[in-house]
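Source file: protein.cif (mmCIF, C-alpha atoms)
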```cif
data_upload
loop_
_atom_site.label_atom_id
_atom_site.label_comp_id
_atom_site.auth_asym_id
_atom_site.auth_seq_id
_atom_site.Cartn_x
_atom_site.Cartn_y
_atom_site.Cartn_z
CA MET A 1 -142.03 23.01 250.91
CA GLU A 2 -143.70 21.49 247.84
CA ALA A 3 -140.45 19.96 246.63
CA VAL A 4 -139.87 18.25 249.94
CA ALA A 5 -143.41 16.93 249.90
CA LEU A 6 -142.99 15.41 246.45
CA ALA A 7 -139.63 13.64 247.25
CA GLY A 8 -141.05 11.86 250.22
CA PRO A 9 -143.21 9.27 248.35
CA VAL A 10 -140.70 8.77 245.42
CA LEU A 11 -137.84 7.44 247.54
CA PRO A 12 -139.40 4.11 248.54
CA GLY A 13 -140.32 3.41 244.87
CA ALA A 14 -136.76 4.03 243.66
CA VAL A 15 -135.39 1.72 246.31
CA ALA A 16 -137.78 -1.02 245.25
CA LEU A 17 -136.81 -0.65 241.59
CA LEU A 18 -133.11 -0.84 242.49
CA LEU A 19 -133.68 -4.09 244.43
CA VAL A 20 -135.48 -5.65 241.42
CA LEU A 21 -132.56 -4.76 239.13
CA LEU A 22 -130.03 -6.26 241.55
CA LEU A 23 -131.99 -9.52 241.77
CA LEU A 24 -132.26 -9.74 237.97
CA ALA A 25 -128.49 -9.21 237.53
CA ALA A 26 -127.75 -11.98 240.05
CA ALA A 27 -130.05 -14.36 238.23
CA LEU A 28 -128.32 -13.66 234.91
CA ARG A 29 -124.87 -14.28 236.43
CA ARG A 30 -125.97 -17.70 237.72
CA ALA A 31 -127.41 -18.71 234.30
CA GLY A 32 -124.36 -17.50 232.28
CA PRO A 33 -121.89 -20.45 232.79
CA ARG A 34 -124.53 -23.01 231.83
CA GLY A 35 -125.56 -21.34 228.60
CA THR A 36 -122.21 -20.04 227.28
CA PRO A 37 -120.08 -22.75 225.48
CA ALA A 38 -117.12 -20.38 225.11
CA GLU A 39 -116.63 -20.39 228.88
CA SER A 40 -116.59 -24.20 229.27
CA SER A 41 -113.68 -25.63 231.24
CA PRO A 42 -110.70 -27.48 229.62
CA GLY A 43 -112.04 -30.73 231.04
CA SER A 44 -115.40 -30.25 229.42
CA ARG A 45 -113.69 -29.47 226.07
CA ALA A 46 -111.71 -32.71 226.27
CA ASN A 47 -114.80 -34.70 227.06
CA GLY A 48 -116.60 -33.10 224.13
CA ALA A 49 -113.74 -33.98 221.70
CA ALA A 50 -113.73 -37.57 222.93
CA ALA A 51 -117.46 -37.77 222.40
CA ALA A 52 -117.06 -36.37 218.90
CA ARG A 53 -114.38 -38.94 218.07
CA ALA A 54 -116.58 -41.73 219.38
CA GLY A 55 -119.40 -40.46 217.19
CA GLU A 56 -117.09 -40.44 214.15
CA GLN A 57 -116.00 -44.02 214.89
CA LYS A 58 -119.59 -45.10 215.10
CA LYS A 59 -120.23 -43.58 211.69
CA VAL A 60 -117.18 -45.31 210.16
CA LYS A 61 -118.04 -48.82 211.40
CA PRO A 62 -120.67 -49.63 208.74
CA THR A 63 -118.16 -48.68 206.00
CA ALA A 64 -115.50 -50.92 207.55
CA ARG A 65 -117.97 -53.81 207.61
CA ALA A 66 -118.82 -53.20 203.96
CA ARG A 67 -115.14 -53.33 203.01
CA ARG A 68 -114.69 -56.64 204.78
CA GLY A 69 -117.64 -58.10 202.87
CA LYS A 70 -117.47 -59.78 199.45
CA ALA A 71 -117.05 -57.68 196.31
CA GLN A 72 -120.34 -57.07 194.59
CA GLN A 73 -120.96 -59.21 191.51
CA HIS A 74 -120.97 -57.35 188.18
CA SER A 75 -124.51 -56.99 186.88
CA PHE A 76 -125.27 -57.73 183.21
CA SER A 77 -128.45 -58.54 181.32
CA HIS A 78 -129.32 -59.10 177.66
CA ARG A 79 -132.19 -60.72 175.81
CA LEU A 80 -129.80 -63.35 174.39
CA LEU A 81 -128.21 -64.20 177.75
CA VAL A 82 -129.07 -67.84 178.50
CA ALA A 83 -127.37 -68.15 181.87
CA THR A 84 -124.81 -66.73 184.26
CA LEU A 85 -122.84 -69.57 185.84
CA LYS A 86 -121.85 -68.67 189.39
CA GLY A 87 -119.70 -70.84 191.63
CA HIS A 88 -116.16 -69.56 191.47
CA SER A 89 -115.02 -67.22 194.23
CA GLY A 90 -112.08 -65.99 192.12
CA ASN A 91 -111.67 -64.64 188.60
CA VAL A 92 -112.12 -67.26 185.86
CA SER A 93 -109.20 -67.43 183.43
CA CYS A 94 -109.94 -70.31 181.02
CA LEU A 95 -112.81 -72.37 179.57
CA ASP A 96 -112.94 -75.62 177.60
CA PHE A 97 -115.75 -77.81 176.28
CA SER A 98 -115.42 -81.60 176.33
CA SER A 99 -115.38 -83.33 172.94
CA ASN A 100 -118.67 -85.09 173.66
CA GLY A 101 -120.27 -81.71 174.29
CA LYS A 102 -121.59 -82.66 177.74
CA TYR A 103 -119.34 -80.57 179.97
CA LEU A 104 -117.73 -77.16 180.27
CA ALA A 105 -114.58 -76.90 182.38
CA SER A 106 -113.54 -73.63 184.01
CA CYS A 107 -110.57 -72.70 186.18
CA ALA A 108 -110.04 -69.69 188.43
CA ASP A 109 -107.62 -68.24 190.96
CA ASP A 110 -109.78 -69.68 193.77
CA ARG A 111 -107.76 -72.95 193.53
CA THR A 112 -110.56 -74.91 191.88
CA VAL A 113 -111.55 -76.33 188.51
CA ARG A 114 -115.29 -76.64 188.03
CA LEU A 115 -117.27 -78.84 185.65
CA TRP A 116 -120.65 -77.63 184.40
CA SER A 117 -123.27 -79.68 182.56
CA THR A 118 -124.15 -78.07 179.22
CA ARG A 119 -127.57 -79.70 179.49
CA ASP A 120 -128.33 -77.38 182.43
CA PHE A 121 -127.46 -74.14 180.62
CA ALA A 122 -131.12 -73.29 180.00
CA ALA A 123 -132.25 -74.43 183.46
CA ARG A 124 -132.91 -72.13 186.41
CA GLU A 125 -130.22 -73.69 188.60
CA HIS A 126 -126.72 -74.57 187.52
CA HIS A 127 -124.88 -77.18 189.55
CA CYS A 128 -121.17 -77.85 189.14
CA LEU A 129 -118.60 -80.36 190.31
CA ARG A 130 -115.46 -79.03 191.98
CA ALA A 131 -111.90 -80.28 191.70
CA ASN A 132 -109.54 -78.74 194.25
CA MET A 133 -106.02 -77.75 193.20
CA GLY A 134 -104.56 -77.85 196.71
CA LEU A 135 -102.33 -74.88 197.51
CA ASP A 136 -101.96 -73.98 193.81
CA HIS A 137 -104.38 -72.66 191.22
CA ALA A 138 -104.89 -73.49 187.55
CA GLU A 139 -104.57 -70.76 184.92
CA LEU A 140 -105.36 -73.02 181.94
CA VAL A 141 -107.54 -76.12 181.58
CA CYS A 142 -108.16 -78.55 178.72
CA PHE A 143 -110.18 -81.78 178.39
CA SER A 144 -108.75 -85.05 177.14
CA PRO A 145 -110.27 -86.39 173.87
CA ASP A 146 -112.26 -89.11 175.67
CA SER A 147 -113.68 -86.59 178.18
CA ARG A 148 -112.43 -88.78 181.05
CA ALA A 149 -109.60 -86.52 182.16
CA PHE A 150 -108.41 -82.93 181.99
CA ILE A 151 -105.03 -81.24 182.18
CA VAL A 152 -104.20 -77.94 183.89
CA TRP A 153 -101.34 -75.50 183.92
CA LEU A 154 -100.58 -74.69 187.56
CA ALA A 155 -99.51 -71.10 188.20
CA SER A 156 -97.21 -71.55 191.21
CA SER A 157 -95.77 -74.95 190.32
CA GLU A 158 -95.36 -73.90 186.68
CA THR A 159 -96.15 -77.36 185.43
CA ILE A 160 -98.74 -79.53 183.69
CA ARG A 161 -100.83 -81.82 185.88
CA VAL A 162 -103.28 -84.47 184.69
CA TYR A 163 -106.51 -85.19 186.57
CA LYS A 164 -108.48 -88.36 185.92
CA MET A 165 -112.27 -88.23 186.16
CA THR A 166 -114.00 -91.31 187.60
CA LYS A 167 -117.77 -91.44 187.38
CA LYS A 168 -119.63 -92.60 190.47
CA ASP A 169 -122.95 -94.41 190.72
CA ASP A 170 -124.80 -91.18 191.50
CA GLY A 171 -123.53 -89.57 188.30
CA ASN A 172 -120.93 -87.35 189.96
CA PHE A 173 -117.18 -87.59 189.46
CA THR A 174 -114.13 -88.04 191.63
CA PHE A 175 -110.97 -86.28 190.48
CA THR A 176 -107.57 -87.92 191.00
CA ALA A 177 -104.25 -86.30 190.12
CA ALA A 178 -101.95 -88.54 188.10
CA ALA A 179 -98.67 -89.52 189.73
CA GLY A 180 -95.97 -87.03 188.83
CA ASP A 181 -96.30 -83.64 187.16
CA PHE A 182 -94.67 -82.77 183.84
CA PRO A 183 -91.06 -81.56 184.14
CA LYS A 184 -90.29 -77.85 183.86
CA LYS A 185 -88.89 -77.11 180.41
CA HIS A 186 -90.16 -73.66 179.43
CA LYS A 187 -88.07 -70.60 180.28
CA ALA A 188 -90.94 -68.10 179.94
CA PRO A 189 -94.56 -67.94 181.18
CA ILE A 190 -97.03 -70.35 179.56
CA ILE A 191 -99.84 -68.75 177.52
CA ASN A 192 -101.66 -71.79 176.05
CA ILE A 193 -102.02 -75.55 176.36
CA GLY A 194 -103.82 -78.08 174.19
CA VAL A 195 -104.48 -81.79 173.76
CA ALA A 196 -104.68 -83.44 170.34
CA GLU A 197 -108.02 -85.07 169.54
CA THR A 198 -106.06 -88.18 168.59
CA GLY A 199 -104.69 -88.34 172.14
CA LYS A 200 -101.16 -88.66 170.79
CA PHE A 201 -99.66 -85.42 172.07
CA ILE A 202 -100.01 -82.38 174.34
CA MET A 203 -98.91 -78.87 173.39
CA THR A 204 -97.62 -76.05 175.60
CA ALA A 205 -96.66 -72.59 174.37
CA SER A 206 -94.82 -69.81 176.21
CA ASN A 207 -94.72 -66.10 175.50
CA ASP A 208 -91.17 -66.18 174.14
CA THR A 209 -90.94 -68.15 170.85
CA THR A 210 -91.22 -71.70 172.19
CA ILE A 211 -93.83 -74.40 171.60
CA MET A 212 -93.27 -77.85 173.09
CA ILE A 213 -94.85 -81.11 172.00
CA TRP A 214 -95.24 -83.70 174.78
CA SER A 215 -96.26 -87.31 174.96
CA PRO A 216 -99.30 -87.95 177.20
CA LYS A 217 -96.84 -89.31 179.80
CA GLY A 218 -94.89 -86.07 180.03
CA GLU A 219 -91.95 -86.76 177.72
CA VAL A 220 -90.81 -83.96 175.39
CA LEU A 221 -91.21 -85.08 171.78
CA ALA A 222 -90.19 -81.84 170.08
CA SER A 223 -89.48 -78.17 170.67
CA ILE A 224 -90.52 -75.58 168.06
CA ASN A 225 -89.00 -72.13 167.64
CA THR A 226 -91.75 -70.02 166.06
CA ASN A 227 -89.36 -67.18 165.08
CA GLN A 228 -92.17 -64.67 165.72
CA MET A 229 -90.20 -62.59 168.27
CA SER A 230 -92.90 -63.36 170.82
CA ASN A 231 -95.88 -65.70 170.89
CA ALA A 232 -99.31 -64.18 171.52
CA TYR A 233 -101.46 -67.29 171.05
CA ALA A 234 -101.12 -70.97 170.13
CA ALA A 235 -103.53 -73.87 169.68
CA VAL A 236 -103.94 -77.47 168.56
CA SER A 237 -106.31 -77.92 165.63
CA PRO A 238 -109.57 -79.81 166.39
CA CYS A 239 -108.55 -82.57 163.96
CA GLY A 240 -105.47 -83.23 166.10
CA ARG A 241 -102.97 -82.98 163.24
CA PHE A 242 -101.73 -79.41 163.53
CA VAL A 243 -100.36 -76.87 165.99
CA ALA A 244 -100.36 -73.18 165.14
CA SER A 245 -99.07 -69.95 166.62
CA CYS A 246 -99.23 -66.20 166.08
CA GLY A 247 -97.44 -63.25 167.61
CA PHE A 248 -95.47 -60.15 166.77
CA THR A 249 -95.17 -60.97 163.05
CA PRO A 250 -98.18 -60.50 160.68
CA ASP A 251 -98.76 -64.19 159.98
CA VAL A 252 -100.02 -67.43 161.53
CA LYS A 253 -97.67 -70.38 161.27
CA VAL A 254 -99.04 -73.92 161.15
CA TRP A 255 -97.10 -77.15 161.67
CA GLU A 256 -98.13 -80.78 161.26
CA VAL A 257 -97.22 -83.16 164.09
CA CYS A 258 -96.39 -86.38 162.25
CA PHE A 259 -96.63 -89.94 163.57
CA GLY A 260 -95.75 -93.22 161.92
CA LYS A 261 -98.16 -96.06 161.11
CA ASN A 262 -97.22 -97.77 164.35
CA GLY A 263 -98.13 -94.62 166.31
CA ASP A 264 -94.57 -93.52 167.06
CA PHE A 265 -93.70 -89.84 166.82
CA ARG A 266 -91.75 -88.89 163.67
CA GLU A 267 -91.37 -85.14 163.34
CA VAL A 268 -92.94 -81.69 163.35
CA ALA A 269 -93.11 -80.37 159.77
CA ARG A 270 -94.05 -76.90 158.51
CA ALA A 271 -97.49 -77.11 156.87
CA PHE A 272 -98.62 -73.63 155.76
CA GLU A 273 -98.88 -69.98 156.79
CA LEU A 274 -101.70 -67.44 156.79
CA LYS A 275 -100.29 -64.26 155.24
CA GLY A 276 -102.11 -61.04 154.48
CA HIS A 277 -102.35 -58.97 157.64
CA ALA A 278 -100.38 -55.74 157.89
CA ALA A 279 -99.49 -56.05 161.59
CA GLY A 280 -99.03 -58.60 164.34
CA ILE A 281 -101.83 -61.04 165.13
CA HIS A 282 -103.63 -61.20 168.48
CA SER A 283 -105.44 -64.51 168.12
CA PHE A 284 -106.85 -67.12 165.72
CA SER A 285 -109.37 -69.95 165.75
CA PHE A 286 -110.13 -73.18 163.87
CA SER A 287 -113.46 -74.57 162.71
CA ASN A 288 -114.35 -78.03 164.00
CA ASP A 289 -113.11 -79.80 160.84
CA SER A 290 -109.99 -77.58 160.67
CA ARG A 291 -110.91 -76.58 157.09
CA ARG A 292 -111.53 -72.95 158.03
CA MET A 293 -109.64 -70.48 160.22
CA ALA A 294 -110.25 -66.94 161.48
CA THR A 295 -107.55 -64.46 162.50
CA LEU A 296 -107.60 -61.17 164.44
CA SER A 297 -104.87 -58.60 163.85
CA LYS A 298 -103.53 -55.34 165.25
CA ASP A 299 -104.18 -53.80 161.80
CA GLY A 300 -107.87 -53.40 162.70
CA THR A 301 -109.15 -56.34 160.64
CA TRP A 302 -110.21 -59.94 161.04
CA LYS A 303 -109.86 -62.45 158.22
CA PHE A 304 -111.64 -65.69 157.30
CA TRP A 305 -109.61 -68.38 155.54
CA ASP A 306 -110.08 -71.61 153.58
CA THR A 307 -107.34 -73.91 154.90
CA ASP A 308 -108.55 -77.07 153.13
CA VAL A 309 -105.51 -77.11 150.86
CA GLU A 310 -102.88 -79.56 149.67
CA TYR A 311 -100.03 -77.91 151.52
CA LYS A 312 -97.64 -80.75 150.67
CA LYS A 313 -98.00 -79.57 147.08
CA GLN A 314 -97.18 -76.00 148.16
CA GLN A 315 -100.80 -74.88 147.86
CA ASP A 316 -101.52 -71.82 150.03
CA PRO A 317 -104.71 -71.15 151.99
CA TYR A 318 -107.37 -68.95 150.36
CA LEU A 319 -108.54 -65.68 151.87
CA LEU A 320 -112.36 -65.75 151.84
CA LEU A 321 -113.24 -62.55 153.68
CA THR A 322 -111.78 -59.52 155.44
CA GLY A 323 -113.80 -57.69 158.08
CA LYS A 324 -113.11 -54.48 159.95
CA CYS A 325 -113.06 -54.27 163.73
CA GLU A 326 -111.80 -51.97 166.46
CA VAL A 327 -110.28 -53.87 169.36
CA ALA A 328 -108.33 -53.08 172.48
CA GLU A 329 -106.08 -55.57 174.23
CA PRO A 330 -106.70 -58.06 175.64
CA CYS A 331 -108.79 -59.46 172.81
CA ARG A 332 -109.74 -62.87 171.44
CA ILE A 333 -111.42 -64.34 168.34
CA ALA A 334 -113.55 -67.50 168.30
CA LEU A 335 -114.86 -69.26 165.18
CA SER A 336 -117.98 -71.38 165.63
CA PRO A 337 -117.44 -75.11 164.97
CA ASN A 338 -119.61 -74.94 161.82
CA ALA A 339 -117.64 -71.83 160.66
CA HIS A 340 -120.80 -69.72 160.24
CA VAL A 341 -120.02 -67.14 162.94
CA VAL A 342 -117.05 -65.25 164.37
CA ALA A 343 -117.08 -63.73 167.86
CA ILE A 344 -114.49 -61.13 168.89
CA SER A 345 -113.91 -59.96 172.45
CA SER A 346 -112.29 -56.62 173.21
CA GLY A 347 -111.91 -55.54 176.81
CA ALA A 348 -115.24 -56.48 178.40
CA ASP A 349 -117.27 -56.35 175.15
CA ILE A 350 -118.17 -58.97 172.51
CA VAL A 351 -119.13 -58.44 168.86
CA VAL A 352 -120.52 -61.25 166.68
CA TYR A 353 -120.14 -61.31 162.88
CA ASN A 354 -121.36 -63.66 160.16
CA THR A 355 -118.71 -65.19 157.90
CA ARG A 356 -120.74 -64.95 154.67
CA ARG A 357 -120.47 -61.17 154.34
CA GLY A 358 -118.61 -60.09 157.48
CA GLU A 359 -121.61 -58.19 158.83
CA GLU A 360 -122.07 -57.43 162.52
CA GLU A 361 -124.91 -59.51 163.96
CA GLU A 362 -124.82 -58.86 167.72
CA ARG A 363 -122.99 -56.61 170.16
CA PHE A 364 -122.73 -57.25 173.90
CA ILE A 365 -121.38 -54.34 175.97
CA GLY A 366 -119.88 -54.64 179.47
CA VAL A 367 -120.35 -58.40 179.68
CA HIS A 368 -117.96 -58.76 182.62
CA GLY A 369 -116.65 -56.52 185.37
CA GLN A 370 -113.12 -57.07 184.09
CA CYS A 371 -111.51 -57.81 180.72
CA ILE A 372 -112.60 -61.02 179.03
CA THR A 373 -110.01 -63.77 179.43
CA ASP A 374 -111.56 -66.51 177.28
CA LEU A 375 -114.22 -66.90 174.60
CA ALA A 376 -115.57 -70.13 173.07
CA PHE A 377 -118.47 -71.76 171.22
CA ASP A 378 -119.85 -75.08 172.39
CA THR A 379 -119.44 -78.11 170.13
CA SER A 380 -122.96 -77.77 168.67
CA SER A 381 -122.52 -74.05 167.82
CA ARG A 382 -125.68 -73.28 169.84
CA TYR A 383 -123.99 -71.31 172.61
CA LEU A 384 -121.23 -68.74 173.03
CA VAL A 385 -119.55 -68.54 176.44
CA SER A 386 -117.19 -66.00 177.97
CA CYS A 387 -115.36 -65.37 181.25
CA GLY A 388 -113.45 -62.50 182.82
CA ASP A 389 -114.62 -61.99 186.39
CA ARG A 390 -116.09 -64.60 188.78
CA ALA A 391 -119.03 -65.38 186.48
CA ILE A 392 -119.35 -67.27 183.19
CA ARG A 393 -121.83 -65.84 180.66
CA VAL A 394 -123.70 -68.12 178.26
CA PHE A 395 -125.34 -66.59 175.16
CA HIS A 396 -127.66 -67.91 172.46
CA ASN A 397 -125.87 -68.06 169.10
CA THR A 398 -128.77 -66.55 167.15
CA ALA A 399 -126.38 -65.44 164.40
CA GLY A 400 -125.58 -69.11 163.85
CA HIS A 401 -129.25 -70.05 163.46
CA ARG A 402 -129.78 -67.23 160.95
CA ALA A 403 -126.70 -68.34 159.01
CA VAL A 404 -128.05 -71.89 158.78
CA VAL A 405 -131.37 -70.60 157.39
CA GLU A 406 -129.60 -68.45 154.79
CA GLU A 407 -127.19 -71.19 153.73
CA MET A 408 -129.85 -73.90 153.48
CA GLU A 409 -132.22 -71.65 151.53
CA GLY A 410 -129.43 -70.95 149.03
CA ILE A 411 -128.75 -74.66 148.56
CA LEU A 412 -132.48 -75.40 148.34
CA LYS A 413 -132.86 -73.14 145.31
CA LYS A 414 -130.18 -75.09 143.45
CA THR A 415 -131.27 -78.65 144.14
CA GLY A 416 -134.03 -80.67 142.56
CA ASN A 417 -133.59 -83.92 144.46
CA LYS A 418 -136.70 -84.58 146.54
CA ALA A 419 -134.94 -86.25 149.47
CA THR A 420 -132.34 -83.49 149.64
CA ARG A 421 -135.00 -80.81 149.51
CA GLU A 422 -136.90 -82.44 152.37
CA ARG A 423 -133.76 -82.62 154.46
CA LEU A 424 -132.92 -78.97 153.78
CA GLU A 425 -136.48 -77.85 154.55
CA GLN A 426 -136.30 -79.71 157.87
CA GLN A 427 -133.05 -77.95 158.78
CA ILE A 428 -134.52 -74.57 157.86
CA SER A 429 -137.63 -75.30 159.92
CA SER A 430 -135.57 -76.36 162.94
CA ALA A 431 -133.42 -73.21 162.81
CA ARG A 432 -136.49 -70.96 162.52
CA GLN A 433 -138.17 -72.72 165.42
CA ALA A 434 -135.06 -72.23 167.52
CA LEU A 435 -135.04 -68.50 166.73
CA ALA A 436 -138.74 -68.19 167.53
CA ALA A 437 -138.25 -69.95 170.86
CA ILE A 438 -135.30 -67.71 171.80
CA TYR A 439 -136.95 -64.41 170.97
CA GLY A 440 -140.34 -65.58 172.18
CA LYS A 441 -138.97 -66.25 175.67
CA LYS A 442 -137.41 -62.82 175.83
CA HIS A 443 -140.42 -60.78 174.71
#
```

Final C-alpha cells representation of the file:
Amino acid sequence: MEAVALAGPVLPGAVALLLVLLLLAAALRRAGPRGTPAESSPGSRANGAAAARAGEQKKVKPTARARRGKAQQHSFSHRLLVATLKGHSGNVSCLDFSSNGKYLASCADDRTVRLWSTRDFAAREHHCLRANMGLDHAELVCFSPDSRAFIVWLASSETIRVYKMTKKDDGNFTFTAAAGDFPKKHKAPIINIGVAETGKFIMTASNDTTIMIWSPKGEVLASINTNQMSNAYAAVSPCGRFVASCGFTPDVKVWEVCFGKNGDFREVARAFELKGHAAGIHSFSFSNDSRRMATLSKDGTWKFWDTDVEYKKQQDPYLLLTGKCEVAEPCRIALSPNAHVVAISSGADIVVYNTRRGEEEERFIGVHGQCITDLAFDTSSRYLVSCGDRAIRVFHNTAGHRAVVEEMEGILKKTGNKATRERLEQQISSARQALAAIYGKKH
C-alpha cells in the first residue's frame, strides 16, 4: 500500500522531465547545421573557395602595382658628394667634359644625350638639355674641341653620328644631326671613341685589335692593328697628337698621328710603350698636358708614368710610382688633369690615391646601384664624376686640394724670389679655403 502511494506523485514529474529533454534535443538538432562547418553543402564549399581566391587576388594587387611602377633609385650619401644629377630614365654609360669646362655630356640607354652645366654642380637644382637619338641610343659620347658639337656611337646603327650644337637667344641649344653617318668599318663591337683636340681626326676602337683613324668628315685615314690579342681600352691624348691602347698584353702602346705642315694626314707612327706590368692592363689615363699617364693592371697594381720623353730618340717613359690596389672587373682609372690624383673604380666602388706617394686618400663604397661604367675628372680638377645606374655622382676632389697645398709648400721652401713666394702663398691659401668650405658645409 505504501509503495503504491509513493509512485502516484512521482509519475507526473518523470513525464515532465522527459518532455524537457525531448525539447532540448530538438533544439540542438536545429542548431547543428548552422554551427558545424564539416557538414556544409558542396555548393557552400565552392562559394567559400571562390571567396578565398578573391581575397588572395585582392592581396596580390598592391604587389602587381608596385612591379609596374618605376625601379627605386639607388640611395647614396657621403660628406664629399656635391650633387646627384638625375634626368636619365635609363642607365648612363658614358661621360665627357667639354674642353671649355662648361658642360658635361652624358648618354644612356633611354635614347637621349643630356648636357649639364658644370656651374650648377653645387646648386640645389640641376637642369639639363636633352638631345634625342630617335629610335637608337648612344653608348659613347665625346665633345668636339670647340665645344660646339658632339659625336656619339649609336648602339643599333653601329655607327658614328655627329650632332651640331646651336646656341639660342635664351642660352639653350638646338641639336642637329649632320647629314650622313660614318660608314661601318669595324668588324667587332666598339669600346671607345675620341676626338683630337686639334680637330684633325676622330678615333674609334673595337674589342678585337683594331683602331681606326677618321677624318672629321667620316673618311678612314688609317687602320691600326694593336697586336694585343684584344683591346680593353683606347683613348686620344688631350694634346691631340697621340692615340693609345691597352688589352690582353701587359703594356700600353702609344702612336703619334702625324700631319704635314699643310694639315694633310701623313701617317700613324709608333711613339712609345709603357712596360712594367706583369699582366694585362684594364685601363689608362692621360694628364691634361699628356706628360703623365696612369695605368691599371690585372696584376693588382697601378702605375704612374712620366711620358715627357724624346721618343724619336728612343727614350723610354719613366716609371714614377707603383701603387697596390684590389679591383674587380669592370674597372677604370682616371688621372686628374693636373696629375695630382688618381681615381680607380671597381664594381660600384671608387678609391682615390695621391700620386706623390701612392697613398689612399678617399674611399667611396656602393656609389651606384650597378657597376660603374665611366669615371672622369672635370677640366679644373675640382670634381670627380661617375656613372653606372640612372644617376651621375659628382664628388669634391679634396685629395687634389691637399696635393696642391703639399706641392706648393715644398716649392715655397726652396724659393727666395718675393713675387714667386707671394704667388705660391696665394695658391696655398686658396686651396686651404676650398678645403675649409667643403668640410665646413658638411659638418

(message) With the PyMOL selection byres ((chain A and resi 237-249) around 8) as the selection, what would be picked from this file? Answer as a PyMOL selection string, please.
(response) chain A and resi 195-199+203+226+228-236+250-258+279-284+286-290

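All residues that come within 8 Å of the coordinates (-114.2, -92.9, 183.5), counting all atoms listed in the file, are given as Arg148, Ala149, Lys164, Met165, Thr166 and Lys167 of chain A.
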
(message) Report, in Å to a single decimal, how far apart CA of Gly260 in chain A and CA of Gln315 in chain A are.
(response)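 Going from CA of Gln315 in chain A over to CA of Gly260 in chain A, I get 23.7 Å.
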
Quick one: contact table of range 302-398 of chain A to range 416-437 of chain A, 12 Å max, nearest atom pair and distance in Å to one decimal per residue, counting only C-alpha atoms, chain and number order, as CSV?
```
residue,atom,partner,partner_atom,distance
A:Arg382,CA,A:Ala434,CA,9.7
A:His396,CA,A:Leu435,CA,9.4
A:Asn397,CA,A:Leu435,CA,9.5
A:Thr398,CA,A:Leu435,CA,6.6
```

Please produce an output containing C-alpha atoms for each residue in the selection, written as a tab-separated table (two decimals), keeping the file's coordinate frame.
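What follows is the written file out03.tsv:
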```tsv
chain	number	residue	atom	x	y	z
A	382	ARG	CA	-125.68	-73.28	169.84
A	396	HIS	CA	-127.66	-67.91	172.46
A	397	ASN	CA	-125.87	-68.06	169.10
A	398	THR	CA	-128.77	-66.55	167.15
```

(request) Tell me which protein, DNA and RNA residues are within 7 Å of Asn225 in chain A, counting all atoms listed in the file, leaving out same-chain ones fewer than 6 positions away, and put them as an NGL selection string. (result) :A and (209-211)

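Between Ile372 in chain A and the candidates A:His401, A:Arg332, A:Lys275, A:Arg119, the tightest atom-to-atom separation, counting all atoms listed in the file, involves A:Arg332.
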
(message) Residue by residue, what does the PyMOL selection byres ((chain A and resi 379) around 12) grab here? Present the result as a ChimeraX atom specification.
(response) /A:96-104,118,238,287-289,335-339,376-378,380-385,397

(request) Rounded to one decimal place, report the CA of Cys107 in chain A-CA of Ala391 in chain A distance in Å. (result) 11.2 Å

Could you write out as a compact mmCIF listing (two decimals) with C-alpha atoms, keeping the file's coordinate frame the residues that the PyMOL selection byres ((chain A and resi 108-112) around 6) matches in the shown file?
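Wrote it out as expr.txt, contents follow:
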```
# COMPACT_ATOMS: atom_id res chain seq x y z
CA SER A 89 -115.02 -67.22 194.23
CA GLY A 90 -112.08 -65.99 192.12
CA ASN A 91 -111.67 -64.64 188.60
CA VAL A 92 -112.12 -67.26 185.86
CA SER A 93 -109.20 -67.43 183.43
CA CYS A 107 -110.57 -72.70 186.18
CA VAL A 113 -111.55 -76.33 188.51
CA ALA A 131 -111.90 -80.28 191.70
CA ASN A 132 -109.54 -78.74 194.25
CA MET A 133 -106.02 -77.75 193.20
CA ASP A 136 -101.96 -73.98 193.81
CA HIS A 137 -104.38 -72.66 191.22
```

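The coordinates place CA of His78 in chain A at 28.1 Å from CA of Ser297 in chain A.
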
(request) Please provide the set of residues having any atom within 8 Å of Val327 in chain A, restricted to all atoms listed in the file, with same-chain residues fewer than 4 positions apart removed, written as a list in words. (result)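 The residues satisfying every condition are Gly300, Cys331, Ser345, Ser346 and Gly347 of chain A.
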
(message) I need the residue nearest Gln73 in chain A from this list: A:Leu375, A:Val367, A:Val309, A:Ala205. Use all atoms listed in the file for the distance.
(response) A:Val367

(message) For a quick check of your reading of the model, name the residues lying within 9 Å of the coordinate (-97.5, -75.3, 193.7), counting all atoms listed in the file, and write them as an NGL selection string.
(response) :A and (133-137 or 154-159)

Around all the atoms of range 380-383 of chain A listed in the file, with 8 Å of room on each side, what axis-aligned box do you get, giving centre and edge lengths in Å to one decimal, as JSON?
```
{"center_x": -124.1, "center_y": -74.5, "center_z": 170.2, "size_x": 19.2, "size_y": 22.5, "size_z": 20.8}
```

(message) My list of candidates is A:Arg402, A:Lys217, A:Arg266, A:Arg79. Which is closest to Val162 in chain A when distances are computed with all atoms listed in the file?
(response)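 Closest residue, counting all atoms listed in the file: A:Lys217.
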
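Using all atoms listed in the file, the contacts of Lys187 in chain A at a cut-off of 10 Å, with sequence neighbours closer than 4 positions omitted, comprise Ser206, Asn207, Asp208 and Thr210 of chain A.
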
(request) Find, counting only C-alpha atoms, the residue in A:Ser77, A:Thr295, A:Thr84, A:Thr355 that gets nearest to Ser386 in chain A. (result)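 Among the listed residues, A:Thr84 lies closest to Ser386 in chain A.
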
For Lys312 in chain A: contacts at 10 Å, all atoms listed in the file, fewer than 5 positions along chain excluded, given as an mmCIF file with C-alpha atoms, in the frame of the given file:
```cif
data_model
loop_
_atom_site.group_PDB
_atom_site.id
_atom_site.type_symbol
_atom_site.label_atom_id
_atom_site.label_comp_id
_atom_site.auth_asym_id
_atom_site.auth_seq_id
_atom_site.Cartn_x
_atom_site.Cartn_y
_atom_site.Cartn_z
ATOM 1 C CA ARG A 270 -94.050 -76.900 158.510
ATOM 2 C CA ALA A 271 -97.490 -77.110 156.870
ATOM 3 C CA PHE A 272 -98.620 -73.630 155.760
#
```
